[in-house]
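Step one of this worksheet: look at the structure below.
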Amino acid sequence: GLGCDAVALAVVLRQPWAGVVLSGAASVTQLASNLHAAVVDLDADQLTRLATLVEDPRAYWEHRGQLPWH
């Protein structure tokens with residue numbers, strides 16, 4: 001029932017290298033949604049399924065570099 005932003009932030013917050021996580025929220029509504037990340041409790045199966053969404057960093061940056069707003 002939570003937004004994908006909260007789930008994504010929850011996954012990042014679980015990483016040992018994540019001392020600080022910036023949400024990128026630009027409005028009060030986005031911030032309120034992002035704050036739900038603190039209560040997301042992902043089990044091992046959910047984390048495994050989310051791991052299949054990982055994009056190769058080179059492909060990500062190549063695609064991002066081609067976006068019109070870049």
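Ordering of the structure tokens sets the chain letters (A, B, ...); residue numbers start at 1 within each chain; ligands are numbered from 1 in the order shown.
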
If you count only C-alpha atoms, which residues fall within 7 Å of Ala6 (chain A), apart from same-chain ones fewer than 3 positions away, as a list in words?
Leu2, Gly3, Leu9, Ala10, Ser33, Asn34, Leu35, His36 and Ala37 of chain A

Go ahead and compute the interatomic distance for CA of Trp69 (chain A) and CA of Val12 (chain A), in Å to one decimal.
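Interatomic distance here is 25.3 Å.
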
Which residues, written as a PDB file with C-alpha atoms, in the first residue's frame, have at least one atom at most 12 Å from region 14-17 of chain A, with only C-alpha atoms counted and residues fewer than 3 positions away on the same chain left out?
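Once written, around10.pdb looks like this:
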```pdb
ATOM      1  CA  VAL A   7      10.005   1.069  -1.202  1.00  0.00           C
ATOM      2  CA  ALA A   8      12.996   2.280  -3.233  1.00  0.00           C
ATOM      3  CA  LEU A   9      14.230   4.436  -0.375  1.00  0.00           C
ATOM      4  CA  ALA A  10      13.734   1.558   2.084  1.00  0.00           C
ATOM      5  CA  VAL A  11      15.926  -0.694  -0.075  1.00  0.00           C
ATOM      6  CA  VAL A  20      23.038   9.435   4.087  1.00  0.00           C
ATOM      7  CA  VAL A  21      20.167   8.945   1.639  1.00  0.00           C
ATOM      8  CA  ALA A  37      10.378   4.386   3.867  1.00  0.00           C
ATOM      9  CA  ALA A  38      11.189   4.232   7.574  1.00  0.00           C
ATOM     10  CA  VAL A  39       8.335   1.783   8.167  1.00  0.00           C
ATOM     11  CA  VAL A  40       8.769  -0.426   5.091  1.00  0.00           C
ATOM     12  CA  ASP A  41       9.610  -3.951   6.253  1.00  0.00           C
ATOM     13  CA  LEU A  42      10.793  -5.978   3.278  1.00  0.00           C
ATOM     14  CA  ASP A  43      11.214  -9.727   3.631  1.00  0.00           C
ATOM     15  CA  LEU A  47      14.245  -8.119  -1.653  1.00  0.00           C
TER      16      LEU A  47
END
```

DSSP-assigned helix (DSSP H, G or I) among chain A, expressed as a ChimeraX atom specification
/A:4-13,28-39,44-51,57-65

Suppose you want the space between CA of Ala32 (chain A) and CA of Gly1 (chain A); what is it in Å?
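Taking CA of Ala32 (chain A) as the start and CA of Gly1 (chain A) as the end point, the length is 14.2 Å.
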